[in-house]
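> Got a structure here, written out as structure tokens. Questions coming.
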Amino acid sequence: MLDITYPAELPITARRQDLLDAIRDNQVVVVAGETGSGKSTQLPKLCLELARGVDKLIGHTQPRRVAARTIAERVAEELGTELGTTVGYTVRFNDRVGRDTSIKVMTDGILLAELHRDRRLSRYDTIIIDEAHERSLNIDFLLGYLKQLLPRRPDLKVIVTSATIDTARFSEHFDDAPVIEVTGRTFPVETRYRPYGEDDDDRDQVQAVCDAVDELGRAGSGDVLVFLSGEREIRDTADALRKLDRPGTEVLPLYARLSAAEQHRIFEPHKARHIVLATNVAETSLTVPGVRYVVDTGLARISRYSTRLKVQRLPIEPVSQASANQRAGRCGRVAPGICIRLYAEDDFDARPEFTDPEILRTNLASVILAMTNLGLGDVEKFPFLDPPDSRAIRDGVALLEELGAVTPDQAADDRRLTPIGRQLVQLPLDPRMARMVLEAEREGSVREVLVVAAALSIQDPRERPTDKQQAADEMHRRFAVPGSDFLSLVRLWDHLATEQKARSSNQFRKMCRTEFLNYLRVREWQDLHRQLRSAAKRMDITAATGEATADQVHKALLAGLLSHLGMRDKETREFNGARGAKFQIVPSSPLAKKPPPWVMAAELVETNRLWGRMVAGVRPEWAEDLAGHLVKSSYGEPRWDARSGRAVTSERVTLYGLPVVASRTVGFDRVDVDEARDLF
């Protein structure tokens, strides 16, 4: 028998009996509490106390791998059992679940993937969806799916945990399920605003963090938690802090790809002052012990679909007020704290209250692709907390049909993935970009297309300050490639690779600034490219040894941009686009002065008019080859061709109204020759 005890200092312990009663008497319970209240580690133990997890598993989902592993280790330690026995965890590439496991901690993506094999989740008697307030696509999928499943599984218990953000929404979603608050007393937190880079302040983010840490060092003892936007920023900041060589101070990074041993160091007892550099994994998923001070850059990587760019991006952008307050709250757990925000107070006041749920900031083509892959049915009928707009759904389906990813003209319930669609879901990219990568394998242009796809998925690293536009243009003009804005990205990439090898990290950063290139975006580009290359390699898509021709690159890119094709109007500077659209090439593109007859554009954006950005000249006949499922043919009057001895006609091939083949002669091969002679 397990000896189940609860730490007296955790706020959740005071609500133990209320929680036991609520879980026993209700199929769904919503538990609200900030990070540090103990909900993630104690709820599975409460379920064990109620004799859950005996014949089936208690499933406990986390948004991130690092949190899943850490929570499993902590619960196993509190129960006095070895990890992999009573308590186990499953994350990508790592499974520590045994035959005797009762509590299985996993990422929400792992549970979602299990729906393929087990639609009733029959291995589980309890599901805990942790950190539901993050409202990722995975979480929204699971909440919608469980709502459908619960009437068919009356024995299944569901516990939804959230920070104290909008918990009424979760209760309402599950037919007014009870909400139990477990938030404990927190200490006051003083907020200080220390913006950088304004007026004569030429400090960058790394220097601003170092200055904030110095200021907090004068405030007293205690650990410091610094929130940064990503792994690359953490490494750069860690290097700078270590060079300061402060006695009695240890700099520790915290992000998902760290080894388990490195992550453990953060949670072990220590005498030295810890400066923990974390992504938003420490915002709500994990409690870093002993934190008295927080430094908040106010930034995070937030996945967002750009309707302007028509791609899914992971831009670094300001966090919402709710996220900023979550971050500040990390330092009010053990004593009064100080939070230094590296931005202005009016900047904070202007931010949105909450982060948009991912379903509302994601390309719905990606959503529909994922739902079709998982067999979750019609998006419009699916019980999302925030249902997407029906027009956005139609646009998403149309795009997937354009890319050849789903069976065309099917009712939503009958929609299936094609072989291309099954490949697209394996690439961590917007479907348009992923389609380019697949075509690049056929064309022998994988190296170049991976570079372009990564670049199109981030903000352009080339900067053009208003007071130095001419100087920036001259610098960037070195990378121009006649006839193709896309190939200029490849030329820039090669330049950066050469320079980075020849310079120190500091010299390379300075070079980027001199050449009007945003260093952080350059590193973001490199990180994403590395991730894409690994994903492609797992699919046996590898770069060819030689350099691809411009045509090989452009044909692959066109596979993802068929509805961004344009034919130049000879009388105007406009291009006739798909479905009657008209656009011009942006003046900053070298192709604007001497536009080719046909172009494709990575993005079509409307300001005072519709503009095509990031363009290249293409051959229209490529579109016929790539879009055989979309093109329409029309025929002229038949005529007899004496030379070939057959009936012929003129054929016109259009794609979205554009004549990709204006006119060509084709034979009436099915018409009997003697019969054809009588016709003319």
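We label chains A, B, ... in the order they appear in the structure tokens, count residues from 1 in each chain, and number ligands from 1 in the order shown.
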If we count only C-alpha atoms, what is near Ile71 (chain A) at a cut-off of 8 Å, once residues fewer than 3 positions away on the same chain are taken out, given as a PDB file with all heavy atoms, in the first residue's frame?

```
ATOM      1  N   SER A  40      -0.565  20.546  -9.910  1.00  0.00           N
ATOM      2  CA  SER A  40       0.003  19.595 -10.871  1.00  0.00           C
ATOM      3  C   SER A  40       0.527  18.338 -10.202  1.00  0.00           C
ATOM      4  O   SER A  40       0.380  17.233 -10.741  1.00  0.00           O
ATOM      5  CB  SER A  40       1.133  20.255 -11.670  1.00  0.00           C
ATOM      6  OG  SER A  40       0.634  21.332 -12.441  1.00  0.00           O
ATOM      7  N   THR A  41       1.131  18.483  -9.007  1.00  0.00           N
ATOM      8  CA  THR A  41       1.730  17.322  -8.346  1.00  0.00           C
ATOM      9  C   THR A  41       0.771  16.591  -7.409  1.00  0.00           C
ATOM     10  O   THR A  41       0.909  15.379  -7.203  1.00  0.00           O
ATOM     11  CB  THR A  41       2.982  17.752  -7.538  1.00  0.00           C
ATOM     12  OG1 THR A  41       2.622  18.846  -6.681  1.00  0.00           O
ATOM     13  CG2 THR A  41       4.104  18.177  -8.461  1.00  0.00           C
ATOM     14  N   ALA A  67       8.038  19.954 -18.460  1.00  0.00           N
ATOM     15  CA  ALA A  67       7.096  19.912 -17.339  1.00  0.00           C
ATOM     16  C   ALA A  67       6.624  18.484 -17.086  1.00  0.00           C
ATOM     17  O   ALA A  67       6.511  18.054 -15.923  1.00  0.00           O
ATOM     18  CB  ALA A  67       5.907  20.829 -17.620  1.00  0.00           C
ATOM     19  N   ALA A  68       6.350  17.721 -18.148  1.00  0.00           N
ATOM     20  CA  ALA A  68       5.874  16.335 -17.981  1.00  0.00           C
ATOM     21  C   ALA A  68       6.897  15.501 -17.220  1.00  0.00           C
ATOM     22  O   ALA A  68       6.558  14.777 -16.268  1.00  0.00           O
ATOM     23  CB  ALA A  68       5.589  15.715 -19.356  1.00  0.00           C
ATOM     24  N   ARG A  74       8.724  14.340  -9.601  1.00  0.00           N
ATOM     25  CA  ARG A  74       8.335  14.882  -8.305  1.00  0.00           C
ATOM     26  C   ARG A  74       7.267  14.012  -7.624  1.00  0.00           C
ATOM     27  O   ARG A  74       7.350  13.701  -6.426  1.00  0.00           O
ATOM     28  CB  ARG A  74       7.807  16.309  -8.487  1.00  0.00           C
ATOM     29  CG  ARG A  74       7.360  16.985  -7.221  1.00  0.00           C
ATOM     30  CD  ARG A  74       8.529  17.318  -6.328  1.00  0.00           C
ATOM     31  NE  ARG A  74       8.089  17.972  -5.098  1.00  0.00           N
ATOM     32  CZ  ARG A  74       8.881  18.232  -4.086  1.00  0.00           C
ATOM     33  NH1 ARG A  74      10.153  17.898  -4.143  1.00  0.00           N
ATOM     34  NH2 ARG A  74       8.407  18.832  -3.009  1.00  0.00           N
ATOM     35  N   VAL A  75       6.249  13.597  -8.389  1.00  0.00           N
ATOM     36  CA  VAL A  75       5.171  12.768  -7.820  1.00  0.00           C
ATOM     37  C   VAL A  75       5.724  11.415  -7.377  1.00  0.00           C
ATOM     38  O   VAL A  75       5.391  10.909  -6.294  1.00  0.00           O
ATOM     39  CB  VAL A  75       4.014  12.601  -8.834  1.00  0.00           C
ATOM     40  CG1 VAL A  75       2.953  11.656  -8.282  1.00  0.00           C
ATOM     41  CG2 VAL A  75       3.385  13.951  -9.175  1.00  0.00           C
ATOM     42  N   VAL A 105       2.172  10.579 -16.815  1.00  0.00           N
ATOM     43  CA  VAL A 105       2.291  11.993 -17.177  1.00  0.00           C
ATOM     44  C   VAL A 105       2.813  12.047 -18.610  1.00  0.00           C
ATOM     45  O   VAL A 105       3.739  11.314 -18.962  1.00  0.00           O
ATOM     46  CB  VAL A 105       3.240  12.746 -16.219  1.00  0.00           C
ATOM     47  CG1 VAL A 105       3.143  14.245 -16.448  1.00  0.00           C
ATOM     48  CG2 VAL A 105       2.922  12.423 -14.772  1.00  0.00           C
TER      49      VAL A 105
END
```
> Where does region 364-474 of chain A meet region 162-185 of chain A within 9 Å, residue by residue, with the nearest atom pair and distance in Å to one decimal for each, counting only C-alpha atoms, listed by chain and rising number, as a tab-separated table?

```
residue	atom	partner	partner_atom	distance
A:Pro383	CA	A:His173	CA	8.6
A:Phe384	CA	A:His173	CA	8.7
A:Leu385	CA	A:His173	CA	6.6
```
> Skipping near chain neighbours, those fewer than 3 positions away, what residues fall within 6 Å of region 582-596 of chain A using only C-alpha atoms, listed as a list in words?
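Result of the neighbour search: Glu574, Phe575, Asn576, Gly577, Leu610, Trp611, Gly612, Arg613 and Gly617 of chain A.
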> Limited to N, CA and C atoms, could you put the picked residues into a file as a PDB file, in the first residue's frame?

```
ATOM      1  N   GLU A 574      -0.098  46.309 -63.705  1.00  0.00           N
ATOM      2  CA  GLU A 574      -0.770  45.367 -62.806  1.00  0.00           C
ATOM      3  C   GLU A 574      -0.614  43.926 -63.280  1.00  0.00           C
ATOM      4  N   PHE A 575      -0.814  43.030 -62.334  1.00  0.00           N
ATOM      5  CA  PHE A 575      -0.873  41.600 -62.641  1.00  0.00           C
ATOM      6  C   PHE A 575      -2.284  41.110 -62.374  1.00  0.00           C
ATOM      7  N   ASN A 576      -2.795  40.303 -63.284  1.00  0.00           N
ATOM      8  CA  ASN A 576      -4.068  39.624 -63.066  1.00  0.00           C
ATOM      9  C   ASN A 576      -3.792  38.372 -62.245  1.00  0.00           C
ATOM     10  N   GLY A 577      -4.440  38.299 -61.079  1.00  0.00           N
ATOM     11  CA  GLY A 577      -4.190  37.178 -60.182  1.00  0.00           C
ATOM     12  C   GLY A 577      -5.330  36.176 -60.181  1.00  0.00           C
ATOM     13  N   LEU A 610      -3.685  46.060 -53.569  1.00  0.00           N
ATOM     14  CA  LEU A 610      -3.163  44.711 -53.334  1.00  0.00           C
ATOM     15  C   LEU A 610      -1.739  44.635 -53.876  1.00  0.00           C
ATOM     16  N   TRP A 611      -0.814  44.269 -52.993  1.00  0.00           N
ATOM     17  CA  TRP A 611       0.597  44.191 -53.368  1.00  0.00           C
ATOM     18  C   TRP A 611       1.093  42.752 -53.300  1.00  0.00           C
ATOM     19  N   GLY A 612       1.939  42.398 -54.252  1.00  0.00           N
ATOM     20  CA  GLY A 612       2.624  41.108 -54.211  1.00  0.00           C
ATOM     21  C   GLY A 612       4.029  41.304 -53.661  1.00  0.00           C
ATOM     22  N   ARG A 613       4.345  40.619 -52.571  1.00  0.00           N
ATOM     23  CA  ARG A 613       5.670  40.732 -51.967  1.00  0.00           C
ATOM     24  C   ARG A 613       6.429  39.424 -52.096  1.00  0.00           C
ATOM     25  N   GLY A 617       9.897  35.462 -61.206  1.00  0.00           N
ATOM     26  CA  GLY A 617       9.344  35.114 -62.509  1.00  0.00           C
ATOM     27  C   GLY A 617       9.209  33.609 -62.635  1.00  0.00           C
TER      28      GLY A 617
END
```
> Could you check which of A:Val653, A:Leu277, A:Ala324, A:Ala370 is closest to Val251 (chain A), using only C-alpha atoms?
A:Leu277
> Choose the residue, out of A:Arg646, A:His60, A:Arg435, A:Arg491, that has the smallest atom-to-atom separation from Lys555 (chain A); count only C-alpha atoms.
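Nearest to Lys555 (chain A): A:Arg435.
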> Applying 10 Å and only C-alpha atoms, which residues near Val397 (chain A) remain after dropping the ones on its own chain fewer than 6 positions away? List them as a PDB file with all heavy atoms, in the first residue's frame.

```pdb
ATOM      1  N   LEU A 364      -6.260  27.927 -40.553  1.00  0.00           N
ATOM      2  CA  LEU A 364      -7.205  26.821 -40.385  1.00  0.00           C
ATOM      3  C   LEU A 364      -6.914  25.660 -41.321  1.00  0.00           C
ATOM      4  O   LEU A 364      -7.378  24.547 -41.086  1.00  0.00           O
ATOM      5  CB  LEU A 364      -8.641  27.318 -40.542  1.00  0.00           C
ATOM      6  CG  LEU A 364      -9.148  28.160 -39.371  1.00  0.00           C
ATOM      7  CD1 LEU A 364     -10.620  28.462 -39.528  1.00  0.00           C
ATOM      8  CD2 LEU A 364      -8.905  27.482 -38.033  1.00  0.00           C
ATOM      9  N   ALA A 365      -6.135  25.917 -42.374  1.00  0.00           N
ATOM     10  CA  ALA A 365      -5.705  24.780 -43.197  1.00  0.00           C
ATOM     11  C   ALA A 365      -4.911  23.810 -42.323  1.00  0.00           C
ATOM     12  O   ALA A 365      -5.078  22.591 -42.412  1.00  0.00           O
ATOM     13  CB  ALA A 365      -4.862  25.256 -44.377  1.00  0.00           C
ATOM     14  N   SER A 366      -4.068  24.348 -41.448  1.00  0.00           N
ATOM     15  CA  SER A 366      -3.301  23.500 -40.525  1.00  0.00           C
ATOM     16  C   SER A 366      -4.228  22.761 -39.571  1.00  0.00           C
ATOM     17  O   SER A 366      -4.042  21.572 -39.297  1.00  0.00           O
ATOM     18  CB  SER A 366      -2.321  24.351 -39.708  1.00  0.00           C
ATOM     19  OG  SER A 366      -1.445  25.048 -40.545  1.00  0.00           O
ATOM     20  N   VAL A 367      -5.243  23.464 -39.043  1.00  0.00           N
ATOM     21  CA  VAL A 367      -6.193  22.863 -38.108  1.00  0.00           C
ATOM     22  C   VAL A 367      -6.956  21.726 -38.786  1.00  0.00           C
ATOM     23  O   VAL A 367      -7.079  20.626 -38.245  1.00  0.00           O
ATOM     24  CB  VAL A 367      -7.191  23.924 -37.595  1.00  0.00           C
ATOM     25  CG1 VAL A 367      -8.249  23.285 -36.704  1.00  0.00           C
ATOM     26  CG2 VAL A 367      -6.457  25.017 -36.834  1.00  0.00           C
ATOM     27  N   ILE A 368      -7.477  22.006 -39.974  1.00  0.00           N
ATOM     28  CA  ILE A 368      -8.283  21.003 -40.692  1.00  0.00           C
ATOM     29  C   ILE A 368      -7.418  19.809 -41.077  1.00  0.00           C
ATOM     30  O   ILE A 368      -7.849  18.656 -40.997  1.00  0.00           O
ATOM     31  CB  ILE A 368      -8.952  21.639 -41.924  1.00  0.00           C
ATOM     32  CG1 ILE A 368      -9.920  22.739 -41.473  1.00  0.00           C
ATOM     33  CG2 ILE A 368      -9.687  20.596 -42.760  1.00  0.00           C
ATOM     34  CD1 ILE A 368     -10.277  23.740 -42.553  1.00  0.00           C
ATOM     35  N   LEU A 369      -6.173  20.093 -41.472  1.00  0.00           N
ATOM     36  CA  LEU A 369      -5.241  19.016 -41.808  1.00  0.00           C
ATOM     37  C   LEU A 369      -5.031  18.109 -40.588  1.00  0.00           C
ATOM     38  O   LEU A 369      -5.111  16.882 -40.693  1.00  0.00           O
ATOM     39  CB  LEU A 369      -3.905  19.626 -42.260  1.00  0.00           C
ATOM     40  CG  LEU A 369      -2.866  18.672 -42.842  1.00  0.00           C
ATOM     41  CD1 LEU A 369      -3.313  18.148 -44.204  1.00  0.00           C
ATOM     42  CD2 LEU A 369      -1.519  19.379 -42.993  1.00  0.00           C
ATOM     43  N   ARG A 391     -16.217  31.106 -42.646  1.00  0.00           N
ATOM     44  CA  ARG A 391     -15.505  31.506 -43.869  1.00  0.00           C
ATOM     45  C   ARG A 391     -14.042  31.087 -43.800  1.00  0.00           C
ATOM     46  O   ARG A 391     -13.456  30.662 -44.798  1.00  0.00           O
ATOM     47  CB  ARG A 391     -15.599  33.025 -44.062  1.00  0.00           C
ATOM     48  CG  ARG A 391     -16.979  33.509 -44.494  1.00  0.00           C
ATOM     49  CD  ARG A 391     -17.059  35.006 -44.450  1.00  0.00           C
ATOM     50  NE  ARG A 391     -16.808  35.522 -43.105  1.00  0.00           N
ATOM     51  CZ  ARG A 391     -16.760  36.800 -42.794  1.00  0.00           C
ATOM     52  NH1 ARG A 391     -16.935  37.716 -43.725  1.00  0.00           N
ATOM     53  NH2 ARG A 391     -16.528  37.196 -41.548  1.00  0.00           N
ATOM     54  N   LEU A 403      -3.477  22.348 -52.471  1.00  0.00           N
ATOM     55  CA  LEU A 403      -2.187  21.702 -52.229  1.00  0.00           C
ATOM     56  C   LEU A 403      -2.228  20.199 -52.479  1.00  0.00           C
ATOM     57  O   LEU A 403      -1.195  19.522 -52.382  1.00  0.00           O
ATOM     58  CB  LEU A 403      -1.738  21.966 -50.786  1.00  0.00           C
ATOM     59  CG  LEU A 403      -1.543  23.438 -50.397  1.00  0.00           C
ATOM     60  CD1 LEU A 403      -1.195  23.559 -48.918  1.00  0.00           C
ATOM     61  CD2 LEU A 403      -0.471  24.102 -51.249  1.00  0.00           C
ATOM     62  N   ALA A 405      -3.799  18.024 -50.615  1.00  0.00           N
ATOM     63  CA  ALA A 405      -3.629  17.357 -49.320  1.00  0.00           C
ATOM     64  C   ALA A 405      -4.851  16.558 -48.896  1.00  0.00           C
ATOM     65  O   ALA A 405      -4.738  15.626 -48.093  1.00  0.00           O
ATOM     66  CB  ALA A 405      -3.300  18.389 -48.244  1.00  0.00           C
ATOM     67  N   VAL A 406      -6.044  16.942 -49.382  1.00  0.00           N
ATOM     68  CA  VAL A 406      -7.270  16.239 -49.009  1.00  0.00           C
ATOM     69  C   VAL A 406      -8.043  15.859 -50.266  1.00  0.00           C
ATOM     70  O   VAL A 406      -7.857  16.448 -51.334  1.00  0.00           O
ATOM     71  CB  VAL A 406      -8.186  17.101 -48.091  1.00  0.00           C
ATOM     72  CG1 VAL A 406      -7.513  17.374 -46.766  1.00  0.00           C
ATOM     73  CG2 VAL A 406      -8.584  18.400 -48.765  1.00  0.00           C
ATOM     74  N   PRO A 408     -10.749  16.026 -52.852  1.00  0.00           N
ATOM     75  CA  PRO A 408     -11.546  17.206 -53.212  1.00  0.00           C
ATOM     76  C   PRO A 408     -13.044  16.921 -53.217  1.00  0.00           C
ATOM     77  O   PRO A 408     -13.484  15.769 -53.370  1.00  0.00           O
ATOM     78  CB  PRO A 408     -11.052  17.545 -54.622  1.00  0.00           C
ATOM     79  CG  PRO A 408     -10.545  16.247 -55.173  1.00  0.00           C
ATOM     80  CD  PRO A 408     -10.031  15.462 -54.002  1.00  0.00           C
ATOM     81  N   ASP A 409     -13.817  17.998 -53.025  1.00  0.00           N
ATOM     82  CA  ASP A 409     -15.281  17.968 -53.161  1.00  0.00           C
ATOM     83  C   ASP A 409     -15.942  16.896 -52.303  1.00  0.00           C
ATOM     84  O   ASP A 409     -16.915  16.266 -52.710  1.00  0.00           O
ATOM     85  CB  ASP A 409     -15.679  17.761 -54.636  1.00  0.00           C
ATOM     86  CG  ASP A 409     -15.081  18.822 -55.533  1.00  0.00           C
ATOM     87  OD1 ASP A 409     -15.034  19.987 -55.101  1.00  0.00           O
ATOM     88  OD2 ASP A 409     -14.656  18.481 -56.641  1.00  0.00           O
ATOM     89  N   ALA A 412     -17.528  17.094 -45.246  1.00  0.00           N
ATOM     90  CA  ALA A 412     -16.518  17.170 -44.179  1.00  0.00           C
ATOM     91  C   ALA A 412     -16.290  15.818 -43.503  1.00  0.00           C
ATOM     92  O   ALA A 412     -15.157  15.446 -43.206  1.00  0.00           O
ATOM     93  CB  ALA A 412     -16.935  18.214 -43.153  1.00  0.00           C
ATOM     94  N   ARG A 415     -14.061  13.573 -45.652  1.00  0.00           N
ATOM     95  CA  ARG A 415     -12.778  14.111 -46.100  1.00  0.00           C
ATOM     96  C   ARG A 415     -11.647  13.196 -45.639  1.00  0.00           C
ATOM     97  O   ARG A 415     -11.614  12.752 -44.500  1.00  0.00           O
ATOM     98  CB  ARG A 415     -12.594  15.520 -45.546  1.00  0.00           C
ATOM     99  CG  ARG A 415     -11.526  16.342 -46.229  1.00  0.00           C
ATOM    100  CD  ARG A 415     -11.477  17.746 -45.662  1.00  0.00           C
ATOM    101  NE  ARG A 415     -12.700  18.485 -45.936  1.00  0.00           N
ATOM    102  CZ  ARG A 415     -13.405  19.119 -45.021  1.00  0.00           C
ATOM    103  NH1 ARG A 415     -13.015  19.109 -43.757  1.00  0.00           N
ATOM    104  NH2 ARG A 415     -14.501  19.774 -45.338  1.00  0.00           N
TER     105      ARG A 415
END
```
> Identify, on the basis of only C-alpha atoms, every residue whose closest approach to Ala544 (chain A) does not exceed 8 Å; exclude the query and any residue fewer than 5 positions from it along the same chain; express the result as a PyMOL selection string.
chain A and resi 444-447
> List as a PyMOL selection string the protein and nucleic acid residues near Asp100 (chain A), meaning an atom at most 9 Å away when only C-alpha atoms are counted, but skip any in the same chain fewer than 5 places from it.
chain A and resi 84-87
> Write out as a Markdown table a residue-level contact list of region 415-507 of chain A versus region 518-539 of chain A with cut-off 12 Å: for each qualifying residue the closest pair of atoms and the distance in Å to one decimal, counting only C-alpha atoms, rows sorted by chain and residue number upward.

```
| residue | atom | partner | partner_atom | distance |
| --- | --- | --- | --- | --- |
| A:Arg422 | CA | A:Met539 | CA | 11.2 |
| A:Gln423 | CA | A:Met539 | CA | 8.1 |
| A:Leu424 | CA | A:Met539 | CA | 10.4 |
| A:Val425 | CA | A:Ala535 | CA | 10.8 |
| A:Gln426 | CA | A:Ala535 | CA | 7.4 |
| A:Leu427 | CA | A:Ala535 | CA | 6.1 |
| A:Pro428 | CA | A:Leu532 | CA | 7.0 |
| A:Leu429 | CA | A:Leu532 | CA | 8.1 |
| A:Asp430 | CA | A:Leu532 | CA | 11.6 |
| A:Met433 | CA | A:Leu532 | CA | 10.7 |
| A:Ala434 | CA | A:Leu532 | CA | 9.5 |
| A:Arg435 | CA | A:Ala536 | CA | 11.9 |
| A:Met436 | CA | A:Ala536 | CA | 11.9 |
| A:Val437 | CA | A:Ala536 | CA | 8.2 |
| A:Leu438 | CA | A:Ala536 | CA | 8.9 |
| A:Ala440 | CA | A:Ala536 | CA | 11.0 |
| A:Glu441 | CA | A:Ala536 | CA | 9.8 |
| A:Val446 | CA | A:Ala536 | CA | 9.2 |
| A:Arg447 | CA | A:Arg533 | CA | 8.7 |
| A:Glu448 | CA | A:His529 | CA | 10.8 |
| A:Val449 | CA | A:His529 | CA | 10.2 |
| A:Leu450 | CA | A:His529 | CA | 6.5 |
| A:Val451 | CA | A:His529 | CA | 6.3 |
| A:Val452 | CA | A:His529 | CA | 9.1 |
| A:Ala453 | CA | A:His529 | CA | 8.2 |
| A:Ala454 | CA | A:His529 | CA | 5.4 |
| A:Ala455 | CA | A:Trp525 | CA | 6.0 |
| A:Leu456 | CA | A:Trp525 | CA | 9.2 |
| A:Ser457 | CA | A:Trp525 | CA | 8.4 |
| A:Ile458 | CA | A:Trp525 | CA | 6.8 |
| A:Gln459 | CA | A:Arg521 | CA | 6.9 |
| A:Asp460 | CA | A:Arg521 | CA | 7.4 |
| A:Pro461 | CA | A:Asn518 | CA | 5.0 |
| A:Arg462 | CA | A:Asn518 | CA | 6.3 |
| A:Glu463 | CA | A:Asn518 | CA | 6.4 |
| A:Arg464 | CA | A:Asn518 | CA | 10.0 |
| A:Pro465 | CA | A:Asn518 | CA | 11.2 |
| A:Ala472 | CA | A:Asn518 | CA | 11.8 |
| A:Leu489 | CA | A:Trp525 | CA | 11.0 |
| A:Val490 | CA | A:Trp525 | CA | 11.9 |
| A:Leu492 | CA | A:Val522 | CA | 10.3 |
| A:Trp493 | CA | A:Gln526 | CA | 9.0 |
| A:Asp494 | CA | A:Gln526 | CA | 11.5 |
| A:His495 | CA | A:Val522 | CA | 11.8 |
| A:Leu496 | CA | A:Val522 | CA | 8.6 |
| A:Ala497 | CA | A:Gln526 | CA | 9.6 |
| A:Gln500 | CA | A:Arg523 | CA | 11.0 |
| A:Ser505 | CA | A:Tyr519 | CA | 10.6 |
| A:Asn506 | CA | A:Tyr519 | CA | 10.7 |
| A:Gln507 | CA | A:Tyr519 | CA | 11.3 |
```
> Just the strand (DSSP E or B) stuff from region 96-299 of chain A, please, per backbone DSSP, written as a count of residues only.
50
